[in-house]
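So this one's start.txt, compact mmCIF, C-alpha atoms:
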# COMPACT_ATOMS: atom_id res chain seq x y z
CA MET R 18 32.24 -16.62 6.81
CA SER R 19 34.31 -17.78 3.82
CA LYS R 20 35.62 -15.29 1.29
CA GLY R 21 33.32 -16.40 -1.50
CA THR R 22 30.13 -16.78 0.55
CA LYS R 23 27.04 -15.06 -0.85
CA VAL R 24 25.43 -12.85 1.78
CA PRO R 25 21.96 -11.25 1.54
CA GLY R 26 22.00 -7.46 1.38
CA TYR R 27 20.32 -7.03 4.73
CA MET R 28 23.13 -8.96 6.48
CA GLN R 29 25.97 -6.87 5.05
CA GLY R 30 28.06 -4.70 7.36
CA LYS R 31 27.90 -0.94 7.33
CA GLY R 32 31.47 -0.43 6.19
CA SER R 33 30.96 -1.45 2.55
CA ARG R 34 31.47 1.19 -0.13
CA ASN R 35 31.01 1.37 -3.86
CA PRO R 36 34.44 1.98 -5.45
CA ARG R 37 32.85 4.89 -7.31
CA GLY R 38 31.91 6.34 -3.94
CA ILE R 39 28.80 7.51 -2.17
CA ILE R 40 26.70 9.57 -4.55
CA GLY R 41 27.91 13.04 -3.49
CA ASP R 42 28.00 15.41 -6.47
CA ARG R 43 27.97 12.78 -9.22
CA GLU R 44 24.95 11.66 -11.24
CA ILE R 45 22.49 9.23 -9.65
CA ARG R 46 22.23 6.00 -11.63
CA TYR R 47 18.81 4.34 -11.71
CA LYS R 48 17.07 1.29 -13.13
CA CYS R 49 13.35 0.82 -13.64
CA SER R 50 11.39 -2.31 -14.59
CA LEU R 51 8.16 -0.44 -15.45
CA GLN R 52 7.15 1.53 -18.52
CA ASN R 53 4.73 4.03 -16.99
CA THR R 54 4.64 7.18 -14.84
CA ILE R 55 7.57 6.20 -12.61
CA LEU R 56 9.86 5.96 -15.65
CA ASP R 57 8.74 9.44 -16.77
CA VAL R 58 9.53 10.78 -13.29
CA LEU R 59 12.98 9.19 -13.20
CA ARG R 60 13.89 10.36 -16.71
CA GLY R 61 12.77 13.90 -15.93
CA ARG R 62 14.70 14.19 -12.68
CA PRO R 63 17.76 16.48 -12.90
CA GLY R 64 21.06 14.72 -12.30
CA TRP R 65 19.62 11.20 -12.67
CA GLN R 66 20.92 8.88 -15.35
CA GLU R 67 19.34 5.65 -16.58
CA VAL R 68 21.44 2.47 -16.50
CA PRO R 69 21.02 0.54 -19.79
CA GLY R 70 19.19 -2.77 -19.68
CA GLN R 71 16.29 -3.96 -17.55
CA ASN R 72 16.28 -6.28 -14.55
CA ASN R 73 19.97 -7.11 -14.82
CA ILE R 74 21.27 -8.94 -11.79
CA GLN R 75 23.98 -7.15 -9.87
CA PRO R 76 27.00 -9.43 -9.47
CA ASN R 77 27.54 -10.82 -5.99
CA VAL R 78 30.26 -8.87 -4.26
CA ASN R 79 31.67 -9.44 -0.80
CA GLN R 80 33.47 -7.03 1.48
CA ALA R 81 36.78 -8.78 1.09
CA ASN R 82 36.73 -8.50 -2.68
CA PRO R 83 34.63 -5.53 -3.83
CA LYS R 84 34.46 -4.93 -7.54
CA GLN R 85 32.59 -2.64 -9.86
CA ALA R 86 29.12 -3.88 -10.54
CA GLY R 87 28.91 -3.52 -14.35
CA ASP R 88 25.28 -3.63 -15.59
CA GLY R 89 24.13 -3.73 -11.97
CA ASP R 90 25.94 -0.50 -11.13
CA TRP R 91 22.92 1.47 -9.94
CA ASP R 92 22.03 3.66 -6.98
CA PHE R 93 18.23 3.36 -7.19
CA TYR R 94 16.15 0.50 -8.55
CA TRP R 95 12.38 0.50 -9.03
CA CYS R 96 12.17 -3.26 -9.53
CA ASP R 97 9.20 -5.58 -9.76
CA ARG R 98 8.33 -8.08 -7.05
CA GLU R 99 9.26 -11.11 -9.13
CA TRP R 100 12.79 -9.82 -9.73
CA LEU R 101 13.29 -9.12 -6.04
CA ALA R 102 12.08 -12.58 -5.04
CA GLN R 103 14.53 -14.22 -7.48
CA ASN R 104 17.59 -12.11 -6.65
CA TYR R 105 17.39 -10.53 -3.20
CA ASP R 106 18.87 -13.40 -1.19
CA THR R 107 22.00 -13.63 -3.33
CA MET R 108 22.77 -10.00 -4.14
CA PHE R 109 25.01 -7.49 -2.45
CA LEU R 110 23.79 -3.95 -1.78
CA TYR R 111 26.15 -1.07 -1.19
CA GLU R 112 25.59 1.35 1.65
CA HIS R 113 23.87 4.03 -0.42
CA GLN R 114 21.69 1.87 -2.72
CA LYS R 115 17.89 1.96 -2.53
CA ILE R 116 15.52 -0.67 -3.92
CA LEU R 117 11.73 -0.97 -4.00
CA HIS R 118 10.07 -3.68 -1.86
CA PHE R 119 11.02 -5.41 1.35
CA ARG R 120 11.95 -9.06 0.96
CA ASN R 121 8.73 -10.52 2.40
CA HIS R 122 6.32 -7.69 1.62
CA TYR R 123 3.60 -10.28 0.93
CA GLU R 124 3.04 -10.70 4.70
CA LEU R 125 0.97 -7.52 4.47
CA THR R 126 -0.25 -7.57 0.88
CA ARG R 127 -1.52 -11.15 0.44
CA LYS R 128 -5.12 -11.00 1.63
CA ASN R 129 -4.96 -14.15 3.77
CA LEU R 130 -1.66 -13.22 5.45
CA MET R 131 -2.80 -9.65 6.08
CA VAL R 132 -5.85 -10.89 8.00
CA LYS R 133 -3.85 -13.56 9.83
CA ASN R 134 -1.33 -10.98 11.06
CA LEU R 135 -4.06 -8.52 12.07
CA LYS R 136 -5.92 -11.22 14.00
CA ARG R 137 -2.73 -12.19 15.81
CA LEU R 138 -1.92 -8.62 16.88
CA LYS R 139 -5.53 -8.07 17.94
CA LYS R 140 -5.42 -11.15 20.20
CA GLN R 141 -2.09 -10.06 21.63
CA THR R 142 -3.44 -6.56 22.30
CA GLU R 143 -6.56 -7.93 24.04
CA ARG R 144 -4.43 -10.25 26.16
CA GLU R 145 -1.98 -7.52 27.23
CA LEU R 146 -4.19 -4.40 27.31
CA GLY R 147 -7.76 -5.69 27.54
CA LYS R 148 -10.78 -6.18 25.28
CA ALA R 149 -11.50 -2.45 25.07
CA GLU R 150 -8.15 -1.79 23.39
CA GLY R 151 -8.85 -4.64 20.99
CA GLN R 152 -11.80 -2.63 19.65
CA SER R 153 -9.29 -0.46 17.75
CA PHE R 154 -8.84 -3.46 15.39
CA GLU R 155 -12.50 -3.59 14.37
CA PHE R 156 -11.76 -2.29 10.87
CA PHE R 157 -11.65 -5.50 8.81
CA PRO R 158 -14.70 -7.71 8.13
CA THR R 159 -15.10 -11.22 9.51
CA THR R 160 -12.71 -13.23 7.32
CA TYR R 161 -11.75 -16.87 6.80
CA GLU R 162 -9.11 -18.52 4.63
CA LEU R 163 -10.23 -21.25 2.26
CA PRO R 164 -9.73 -24.13 2.02
CA SER R 165 -7.90 -24.34 5.40
CA GLU R 166 -10.71 -22.73 7.45
CA TYR R 167 -13.63 -23.98 5.39
CA HIS R 168 -15.34 -25.90 8.21
CA ILE R 169 -15.03 -22.96 10.63
CA PHE R 170 -16.52 -20.73 7.95
CA VAL R 171 -19.45 -23.10 7.44
CA GLU R 172 -20.28 -22.88 11.15
CA GLU R 173 -20.25 -19.07 10.99
CA PHE R 174 -22.28 -19.10 7.78
CA LYS R 175 -25.03 -21.20 9.39
CA LYS R 176 -25.22 -18.80 12.37
CA ASN R 177 -26.01 -15.89 10.03
CA PRO R 178 -28.37 -17.13 7.31
CA GLY R 179 -29.17 -14.73 4.49
CA ILE R 180 -26.19 -12.39 4.77
CA ILE R 181 -23.90 -11.77 1.79
CA TRP R 182 -20.31 -13.01 1.63
CA ILE R 183 -17.56 -12.09 -0.83
CA MET R 184 -14.90 -14.48 -2.17
CA LYS R 185 -11.46 -13.17 -3.15
CA PRO R 186 -8.35 -14.97 -4.43
CA ALA R 187 -5.61 -14.35 -1.85
CA ALA R 188 -2.88 -13.43 -4.34
CA ARG R 189 -4.67 -11.87 -7.32
CA ALA R 190 -5.26 -8.19 -8.06
CA GLN R 191 -7.50 -5.82 -10.06
CA GLY R 192 -10.70 -7.56 -8.99
CA ARG R 193 -9.90 -10.82 -10.79
CA GLY R 194 -11.70 -13.89 -9.46
CA ILE R 195 -13.94 -12.02 -6.98
CA PHE R 196 -17.63 -12.86 -6.59
CA LEU R 197 -20.45 -12.48 -4.05
CA PHE R 198 -22.79 -15.20 -2.76
CA ARG R 199 -25.66 -15.80 -0.32
CA ARG R 200 -25.92 -19.59 -0.45
CA LEU R 201 -23.32 -22.15 0.58
CA LYS R 202 -24.29 -24.08 -2.53
CA ASP R 203 -22.79 -21.27 -4.63
CA ILE R 204 -19.27 -22.08 -3.52
CA THR R 205 -19.63 -25.85 -3.18
CA ASP R 206 -20.69 -25.92 -6.83
CA TRP R 207 -17.89 -23.50 -7.70
CA LYS R 208 -15.10 -25.76 -6.40
CA LYS R 209 -16.77 -29.04 -5.71
CA GLY R 210 -14.63 -31.38 -3.68
CA GLU R 211 -11.63 -29.09 -3.33
CA TYR R 212 -12.19 -28.63 0.39
CA GLN R 213 -11.88 -32.35 1.06
CA PRO R 214 -8.54 -33.91 2.14
CA LEU R 215 -6.08 -34.41 -0.70
CA SER R 216 -6.18 -38.21 -0.98
CA ASP R 217 -4.54 -38.12 -4.41
CA PRO R 218 -0.89 -36.94 -4.06
CA ASN R 219 -0.87 -35.87 -7.72
CA ARG R 220 -3.93 -33.72 -7.34
CA GLU R 221 -3.32 -29.99 -7.69
CA VAL R 222 -3.64 -28.02 -4.44
CA PRO R 223 -6.61 -25.62 -4.65
CA GLU R 224 -5.93 -21.89 -4.92
CA THR R 225 -6.12 -20.03 -1.60
CA TYR R 226 -9.08 -17.71 -1.22
CA VAL R 227 -10.41 -15.52 1.54
CA VAL R 228 -14.11 -15.30 2.24
CA GLN R 229 -15.32 -12.14 3.99
CA ARG R 230 -18.59 -10.84 5.28
CA TYR R 231 -19.68 -8.32 2.66
CA ILE R 232 -20.25 -4.74 3.84
CA GLU R 233 -23.91 -4.36 2.88
CA ASN R 234 -24.24 -0.70 3.87
CA PRO R 235 -21.51 1.17 1.99
CA TYR R 236 -21.58 4.96 1.96
CA LEU R 237 -23.11 6.04 -1.35
CA ILE R 238 -22.63 9.20 -3.38
CA GLY R 239 -25.13 9.65 -6.19
CA GLY R 240 -26.35 6.14 -5.38
CA ARG R 241 -22.95 4.65 -6.21
CA LYS R 242 -20.46 2.73 -4.10
CA PHE R 243 -16.82 3.85 -3.88
CA ASP R 244 -13.59 3.08 -2.10
CA VAL R 245 -10.59 5.31 -1.40
CA ARG R 246 -7.02 4.70 -2.59
CA VAL R 247 -4.55 5.90 0.04
CA TYR R 248 -0.79 5.99 -0.57
CA VAL R 249 1.55 5.04 2.27
CA LEU R 250 5.36 5.05 2.21
CA VAL R 251 7.37 2.92 4.64
CA VAL R 252 11.10 3.64 4.73
CA SER R 253 11.85 1.50 7.78
CA TYR R 254 10.14 -1.18 9.87
CA ASN R 255 12.66 -1.00 12.72
CA PRO R 256 12.03 1.63 13.86
CA LEU R 257 8.72 1.98 12.07
CA LYS R 258 8.76 5.15 9.95
CA VAL R 259 5.66 5.91 7.90
CA TRP R 260 4.70 8.71 5.51
CA LEU R 261 1.14 9.42 4.32
CA TYR R 262 0.42 11.16 1.01
CA ARG R 263 -2.14 13.98 1.05
CA SER R 264 -3.67 13.17 -2.32
CA GLY R 265 -5.35 10.03 -3.55
CA PHE R 266 -8.67 9.26 -5.15
CA ALA R 267 -12.08 7.73 -4.63
CA ARG R 268 -13.01 5.06 -7.20
CA PHE R 269 -16.72 4.82 -7.97
CA SER R 270 -18.70 1.98 -9.44
CA ASN R 271 -20.29 2.75 -12.77
CA THR R 272 -23.72 1.42 -11.75
CA ARG R 273 -26.07 2.38 -8.93
CA PHE R 274 -25.74 0.22 -5.81
CA SER R 275 -28.25 -2.55 -5.14
CA LEU R 276 -28.17 -5.79 -3.17
CA ASP R 277 -30.66 -7.30 -5.61
CA SER R 278 -27.95 -8.01 -8.19
CA ILE R 279 -24.99 -9.44 -6.30
CA GLU R 280 -23.67 -11.08 -9.47
CA ASP R 281 -23.12 -7.69 -11.17
CA THR R 282 -19.45 -6.75 -10.68
CA TYR R 283 -20.06 -3.26 -12.09
CA VAL R 284 -22.22 -2.57 -9.02
CA HIS R 285 -20.02 -4.05 -6.30
CA LEU R 286 -16.38 -3.82 -7.45
CA THR R 287 -14.80 -0.38 -7.86
CA ASN R 288 -11.54 -1.51 -9.48
CA VAL R 289 -10.79 0.56 -12.59
CA ALA R 290 -9.77 -2.67 -14.38
CA ILE R 291 -13.37 -3.86 -13.89
CA GLN R 292 -15.26 -0.59 -14.37
CA LYS R 293 -13.61 0.36 -17.66
CA ASN R 294 -15.30 -2.64 -19.28
CA ALA R 295 -18.80 -1.48 -18.28
CA PRO R 296 -21.06 -0.91 -21.34
CA ASP R 297 -21.71 2.76 -20.50
CA TYR R 298 -18.25 3.62 -19.14
CA ASP R 299 -17.03 7.08 -20.22
CA PRO R 300 -13.19 7.09 -20.39
CA ASP R 301 -13.10 10.91 -20.43
CA LYS R 302 -15.13 11.27 -17.24
CA GLY R 303 -13.89 8.09 -15.59
CA CYS R 304 -15.16 7.08 -12.16
CA LYS R 305 -12.82 9.01 -9.86
CA TRP R 306 -12.85 11.90 -7.41
CA SER R 307 -9.74 13.34 -5.83
CA THR R 308 -9.44 12.74 -2.08
CA GLN R 309 -9.66 16.53 -1.68
CA GLN R 310 -13.04 16.56 -3.49
CA LEU R 311 -14.26 13.69 -1.34
CA ARG R 312 -13.21 15.34 1.93
CA LYS R 313 -14.88 18.63 0.95
CA TYR R 314 -18.11 16.83 0.01
CA LEU R 315 -18.22 14.82 3.24
CA SER R 316 -17.36 17.88 5.37
CA ALA R 317 -20.16 19.90 3.76
CA LYS R 318 -22.65 17.11 4.40
CA HIS R 319 -21.59 15.83 7.84
CA GLY R 320 -19.40 18.55 9.35
CA VAL R 321 -15.65 18.85 9.83
CA GLU R 322 -15.56 16.96 13.15
CA ALA R 323 -17.31 13.85 11.79
CA VAL R 324 -15.00 13.73 8.77
CA LYS R 325 -11.93 14.33 10.95
CA LYS R 326 -12.97 11.29 13.03
CA ALA R 327 -13.47 9.18 9.89
CA PHE R 328 -10.07 10.09 8.46
CA LYS R 329 -8.43 9.51 11.85
CA GLY R 330 -9.83 5.99 11.53
CA ILE R 331 -7.82 5.60 8.32
CA ASP R 332 -4.67 6.61 10.22
CA ASN R 333 -5.47 3.89 12.76
CA ILE R 334 -5.89 1.30 9.98
CA ILE R 335 -2.51 2.22 8.51
CA ILE R 336 -0.56 2.08 11.77
CA LYS R 337 -2.22 -1.04 13.18
CA SER R 338 -1.75 -2.96 9.93
CA LEU R 339 1.93 -2.03 9.71
CA GLN R 340 2.49 -2.89 13.38
CA SER R 341 0.94 -6.31 12.73
CA VAL R 342 3.90 -7.19 10.47
CA GLN R 343 6.58 -5.01 12.05
CA LYS R 344 8.36 -7.98 13.67
CA ILE R 345 7.88 -10.24 10.64
CA ILE R 346 9.04 -8.07 7.74
CA ILE R 347 12.77 -8.43 7.05
CA ASN R 348 13.88 -4.87 7.72
CA ASP R 349 16.60 -3.63 5.39
CA LYS R 350 17.85 -0.05 5.28
CA HIS R 351 18.21 -0.37 1.48
CA CYS R 352 14.49 -1.13 1.00
CA PHE R 353 11.36 0.98 0.94
CA GLU R 354 7.74 0.25 0.12
CA MET R 355 4.93 2.33 -1.33
CA TYR R 356 1.62 0.71 -0.46
CA GLY R 357 -1.77 1.40 -1.98
CA TYR R 358 -4.38 1.01 0.76
CA ASP R 359 -7.99 0.50 -0.33
CA VAL R 360 -10.48 1.75 2.27
CA LEU R 361 -14.29 1.70 2.20
CA PHE R 362 -16.59 3.95 4.24
CA ASP R 363 -19.88 2.49 5.43
CA SER R 364 -23.09 4.50 5.87
CA ASP R 365 -21.94 5.54 9.37
CA LEU R 366 -18.65 6.91 7.94
CA LYS R 367 -16.71 4.09 9.56
CA PRO R 368 -13.64 3.17 7.47
CA TRP R 369 -13.00 -0.50 6.62
CA LEU R 370 -9.76 -1.95 5.25
CA ILE R 371 -10.44 -3.80 1.99
CA GLU R 372 -6.88 -4.67 0.90
CA ILE R 373 -3.30 -3.43 0.70
CA ASN R 374 -1.37 -3.40 -2.58
CA ALA R 375 2.42 -3.69 -2.79
CA SER R 376 2.39 -2.55 -6.41
CA PRO R 377 -0.42 0.00 -6.78
CA SER R 378 -1.07 0.89 -10.40
CA LEU R 379 1.11 3.72 -11.69
CA THR R 380 -0.47 3.76 -15.13
CA ALA R 381 -2.55 6.92 -15.48
CA SER R 382 -6.18 6.79 -16.57
CA GLY R 383 -6.22 10.49 -17.58
CA LYS R 384 -4.43 13.82 -17.16
CA GLU R 385 -5.52 14.41 -13.55
CA ASP R 386 -4.52 10.87 -12.62
CA TYR R 387 -1.15 11.35 -14.35
CA ASP R 388 -0.49 14.63 -12.51
CA LEU R 389 -1.37 12.99 -9.18
CA LYS R 390 0.93 10.01 -9.74
CA PHE R 391 3.76 12.12 -11.18
CA GLY R 392 3.74 14.36 -8.09
CA LEU R 393 3.36 11.36 -5.77
CA LEU R 394 6.42 9.62 -7.20
CA ASN R 395 8.53 12.74 -7.50
CA ASP R 396 7.87 13.51 -3.85
CA LEU R 397 8.68 9.90 -2.90
CA LEU R 398 12.14 10.44 -4.39
CA ASN R 399 12.35 13.72 -2.48
CA VAL R 400 11.64 11.85 0.78
CA LEU R 401 14.29 9.21 0.02
CA ASP R 402 16.66 12.14 -0.68
CA LEU R 403 19.47 10.40 -2.54
CA GLU R 404 20.76 13.89 -3.39
CA ASN R 405 21.24 14.60 0.35
CA ARG R 406 19.48 17.98 0.21
CA LEU R 407 17.35 17.61 3.36
CA THR R 408 18.20 17.73 7.07
CA GLY R 409 16.48 14.43 7.93
CA LYS R 410 14.17 16.11 10.47
CA GLU R 411 11.39 17.11 8.06
CA LYS R 412 7.76 16.39 8.93
CA ARG R 413 6.55 17.23 5.44
CA VAL R 414 8.17 16.77 2.03
CA GLY R 415 5.95 17.92 -0.85
CA GLY R 416 2.72 15.95 -0.52
CA TRP R 417 4.10 13.42 1.98
CA ASP R 418 3.48 13.96 5.72
CA LEU R 419 5.43 12.00 8.35
CA LEU R 420 2.71 10.09 10.18
CA TRP R 421 4.76 7.85 12.48
CA GLU R 422 8.38 7.52 13.56
CA ASP R 423 8.58 4.99 16.36
CA GLY R 424 5.48 6.78 17.67
CA PRO R 425 2.87 9.29 16.46
CA ILE R 426 4.06 12.58 14.94
CA LEU R 427 2.28 15.81 15.90
CA ALA R 428 1.75 18.66 13.47
CA ASP R 429 3.77 21.84 13.88
CA ASP R 430 2.01 24.91 15.23
CA GLY R 431 0.41 26.83 12.40
CA ASN R 432 -0.02 23.70 10.29
CA MET R 433 -3.68 23.18 11.06
CA GLU R 434 -5.15 22.45 7.64
CA CYS R 435 -8.47 20.56 7.74
CA ALA R 436 -8.73 21.25 11.49
CA PRO R 437 -11.91 22.81 12.92
CA ASN R 438 -11.82 26.58 13.43
CA GLY R 439 -10.36 27.56 16.77
CA THR R 440 -8.29 24.39 17.19
CA THR R 441 -5.28 25.05 19.40
CA ALA R 442 -4.46 21.59 20.72
CA SER R 443 -1.78 19.48 19.05
CA ILE R 444 -3.12 17.32 16.24
CA PRO R 445 -1.60 14.34 14.39
CA ASN R 446 0.60 15.18 11.41
CA SER R 447 -1.98 13.67 9.06
CA PHE R 448 -3.55 15.64 6.21
CA LEU R 449 -5.14 13.11 3.88
CA GLY R 450 -7.47 14.98 1.53
CA CYS R 451 -6.20 18.39 2.63
CA HIS R 452 -4.73 21.07 0.37
CA ASN R 453 -1.59 19.86 -1.41
CA GLU R 454 0.40 22.81 -2.68
CA ARG R 455 3.46 20.62 -3.00
CA LYS R 456 5.60 22.73 -5.36
CA ARG R 457 5.54 25.82 -3.15
CA GLN R 458 6.22 23.72 -0.06
CA LEU R 459 9.23 22.08 -1.73
CA ARG R 460 10.72 25.44 -2.70
CA GLU R 461 10.42 26.70 0.87
CA LEU R 462 11.67 23.39 2.28
CA TYR R 463 14.85 23.26 0.19
CA THR R 464 15.63 26.92 0.85
CA ALA R 465 15.30 26.34 4.61
CA ALA R 466 17.31 23.09 4.51
CA GLN R 467 20.12 24.73 2.56
CA SER R 468 20.33 27.56 5.11
CA ILE R 469 20.47 25.10 8.01
CA LYS R 470 23.24 23.06 6.34
CA LYS R 471 25.29 26.18 5.63
CA SER R 472 25.05 27.34 9.22

Just give me the structure as structure tokens.
Amino acid sequence: MSKGTKVPGYMQGKGSRNPRGIIGDREIRYKCSLQNTILDVLRGRPGWQEVPGQNNIQPNVNQANPKQAGDGDWDFYWCDREWLAQNYDTMFLYEHQKILHFRNHYELTRKNLMVKNLKRLKKQTERELGKAEGQSFEFFPTTYELPSEYHIFVEEFKKNPGIIWIMKPAARAQGRGIFLFRRLKDITDWKKGEYQPLSDPNREVPETYVVQRYIENPYLIGGRKFDVRVYVLVVSYNPLKVWLYRSGFARFSNTRFSLDSIEDTYVHLTNVAIQKNAPDYDPDKGCKWSTQQLRKYLSAKHGVEAVKKAFKGIDNIIIKSLQSVQKIIINDKHCFEMYGYDVLFDSDLKPWLIEINASPSLTASGKEDYDLKFGLLNDLLNVLDLENRLTGKEKRVGGWDLLWEDGPILADDGNMECAPNGTTASIPNSFLGCHNERKRQLRELYTAAQSIKKS
């Protein structure tokens, strides 16, 4: 490779070093492209210093001619997806640097690609392990990509007359562009002619959508539909290492559920961006429950065992979806990803995967939401441990529990929160919706880690 060749960060050797050295005892320099809770967390973190300027490109540096990185001289960067897409392939990353997002994160977070990858892994699993094992993938609705699978969808549509389908733009967020329909005419009128071959070379290619069978029997609380936001942190795809955050929230629709008004987005879409525009929306009350509130409610109504099974289904969704892209995502030790999973329970308490967000909203809708996201992000930084205060063998850091590390993680003895009384068998290290006394746990964790390092 020539001396001046630009090399992507993930192809760099392990011997590279920042002239200013690995972080050690000096301040940690960070950059942030967002003006919300994450910036508050970074600015309030002891020993962390903000690098002036936003989204500055770090100069390309090669091993043969390292030089100080000027405006790009950072240790941690919470960047946006657009910046990463423009700069990742031509930037150099030093050994110790951490940056948000894997290069091709969209393989999991674009709705059409997510389903394509899940379908592929399901077929592979059925071929290698049998149809019964393939049943573990029955957590996403029947889905087709439009316009490419339009004719296949039409065949399926005609086999099931009268059922409701939902249309979603593959690459949009916050509920934009989503609508429900019962008649094929509703979508042929909507984009008339776009599903025909492109005979005109100058004609604009139609936007990619996914069409899914709508879940007509959602679990209702107070007559209202809801979904659950679950936070997942991936620090490596090879080997796969996954953390699950204990806290999250259920987002409720503002209007009672009914299949008689499928055109009413306030009934069927739980996105806060949609619900806050409802005529009778109360910004003080909002439309959220904490995951802890939800788990307590469901346990009181259905019993601990039924709820444990339902939440175990969420664990399965997380791991299977990540495994579906494990060999596709460009793994880079400098990168990490915090996903926002949206999961819906049906009336049988079966969890369904709705979508996965690569940039879940970090803007708080109220004090409780702010406290949740502040703790979530602070603990994310504790997991990444740029200060090198941990041993690297932790199963829990604040509100984050290690769910998977090249295989399932089992909870330590004595850590049986949310487990039925009398449980003695090993259980997965998964505590979504369980008690999250993160500050006390962190104090005990750092005290123990310091003692181990000293000895």

Pick out the residues sitting within 7 Å of R:Tyr248, and hand them over as an mmCIF file with C-alpha atoms, in the frame of the given file; count all atoms listed in the file, and ignore anything fewer than 6 positions along from it in its own chain.
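Okay, result37.cif is ready:
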data_model
loop_
_atom_site.group_PDB
_atom_site.id
_atom_site.type_symbol
_atom_site.label_atom_id
_atom_site.label_comp_id
_atom_site.auth_asym_id
_atom_site.auth_seq_id
_atom_site.Cartn_x
_atom_site.Cartn_y
_atom_site.Cartn_z
ATOM 1 C CA LEU R 261 1.140 9.420 4.320
ATOM 2 C CA TYR R 262 0.420 11.160 1.010
ATOM 3 C CA GLY R 265 -5.350 10.030 -3.550
ATOM 4 C CA MET R 355 4.930 2.330 -1.330
ATOM 5 C CA TYR R 356 1.620 0.710 -0.460
ATOM 6 C CA GLY R 357 -1.770 1.400 -1.980
ATOM 7 C CA TYR R 358 -4.380 1.010 0.760
#

Checklist entry - For the atom pair atom CA of R:Cys304 and atom CA of R:Leu393, what is the interatomic distance in Å to one decimal place? => result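 Separation between atom CA of R:Cys304 and atom CA of R:Leu393: 20.1 Å.
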
Checklist entry - Residues at most 10 Å from R:Glu454, counting only C-alpha atoms, excluding those fewer than 3 positions away in the same chain, as a list of chain:residue names? => result R:Arg263, R:Gly415, R:Gly416, R:Cys451, R:Arg457, R:Gln458, R:Leu459

Item to check | Residue nearest R:Arg230 - candidates R:Phe362, R:Trp369, R:Phe266, R:Phe93, atoms counted: all atoms listed in the file | outcome: R:Trp369

Item to check | Nearest residue to R:Glu155 from the set R:Arg199, R:Arg120, R:Lys136, R:Lys313 (distances using all atoms listed in the file) | outcome: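 The shortest atom-to-atom distance to R:Glu155 comes from R:Lys136.
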
Item to check | Neighbour residues at most 6 Å from (-5.7, -1.2, -0.4) (all atoms listed in the file) as number ranges by chain | outcome: R: 357-359, 371-374

Take the selection from the previous step and output its residues with C-alpha atoms, as a JSON list (two decimals), keeping the file's coordinate frame.
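Okay, again_26.json is ready:
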[["chain", "number", "residue", "atom", "x", "y", "z"],
["R", 357, "GLY", "CA", -1.77, 1.40, -1.98],
["R", 358, "TYR", "CA", -4.38, 1.01, 0.76],
["R", 359, "ASP", "CA", -7.99, 0.50, -0.33],
["R", 371, "ILE", "CA", -10.44, -3.80, 1.99],
["R", 372, "GLU", "CA", -6.88, -4.67, 0.90],
["R", 373, "ILE", "CA", -3.30, -3.43, 0.70],
["R", 374, "ASN", "CA", -1.37, -3.40, -2.58]]

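Each of R:Ile331, R:Leu59, R:Leu449, R:Leu146 was compared to R:Cys435 using only C-alpha atoms, and R:Leu449 turns out to be the nearest.
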
Next on the checklist: Using only C-alpha atoms, can you tell me which of R:Tyr314, R:Tyr161, R:Trp421, R:Phe243 comes closest to R:Met131?
Outcome noted: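 For R:Met131, the nearest of the candidates is R:Tyr161.
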
Excluding R:Leu197 and its own-chain neighbours fewer than 2 positions away, which residues fall within 8 Å of it when counting all atoms listed in the file? Please give them as a CSV table (one decimal) with C-alpha atoms, keeping the file's coordinate frame.
chain,number,residue,atom,x,y,z
R,181,ILE,CA,-23.9,-11.8,1.8
R,182,TRP,CA,-20.3,-13.0,1.6
R,183,ILE,CA,-17.6,-12.1,-0.8
R,184,MET,CA,-14.9,-14.5,-2.2
R,195,ILE,CA,-13.9,-12.0,-7.0
R,199,ARG,CA,-25.7,-15.8,-0.3
R,231,TYR,CA,-19.7,-8.3,2.7
R,279,ILE,CA,-25.0,-9.4,-6.3
R,280,GLU,CA,-23.7,-11.1,-9.5

Checklist entry - What does the distance between atom CA of R:Arg268 and atom CA of R:Lys242 come to in Å, to one decimal place? => result 8.4 Å

Next on the checklist: Which residues are near R:Val400? Cut-off 12 Å, only C-alpha atoms, ignore same chain within fewer than 2 positions. Put them as JSON, numbers by chain.
Outcome noted: {"R": [250, 251, 252, 258, 259, 260, 261, 262, 353, 355, 393, 394, 395, 396, 397, 398, 402, 403, 404, 405, 406, 407, 408, 409, 410, 411, 412, 413, 414, 415, 416, 417, 418, 419, 459, 462, 463]}

Item to check | Distance in Å - atom CA of R:Ile55 versus atom CA of R:Thr464 | outcome: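 Atom CA of R:Ile55 sits 26.0 Å away from atom CA of R:Thr464.
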
Checklist entry - With distances taken over only C-alpha atoms, which of R:Gly424, R:Lys175, R:Asp203, R:Gln310 is nearest to R:Gly450? => result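 Among the listed residues, the smallest separation from R:Gly450 belongs to R:Gln310.
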
Item to check | Contacts of R:Lys128 within 7 Å, only C-alpha atoms, excl. fewer than 2 positions in-chain, as a list in words | outcome: Thr126, Leu130, Met131, Val132, Ala187, Ala188, Val227 and Glu372 of chain R

Size and centre in Å, one decimal, axis-aligned box, all listed stretch 454-471 of chain R atoms plus 8 Å per side, as AutoDock Vina command-line options:
--center_x 12.8 --center_y 24.1 --center_z 1.3 --size_x 40.9 --size_y 22.9 --size_z 29.4

Checklist entry - From the list R:Ser275, R:Gln52, R:Thr160, R:Asn121, which residue is nearest R:Ala375 when using only C-alpha atoms? => result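 When distances to R:Ala375 are compared using only C-alpha atoms, the smallest one comes from R:Asn121.
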
Item to check | Point (-9.6, 16.2, 10.7), cut-off 8 Å, counting all atoms listed in the file, residues as a ChimeraX atom specification | outcome: /R:321-322,324-326,328-329,435-437,448
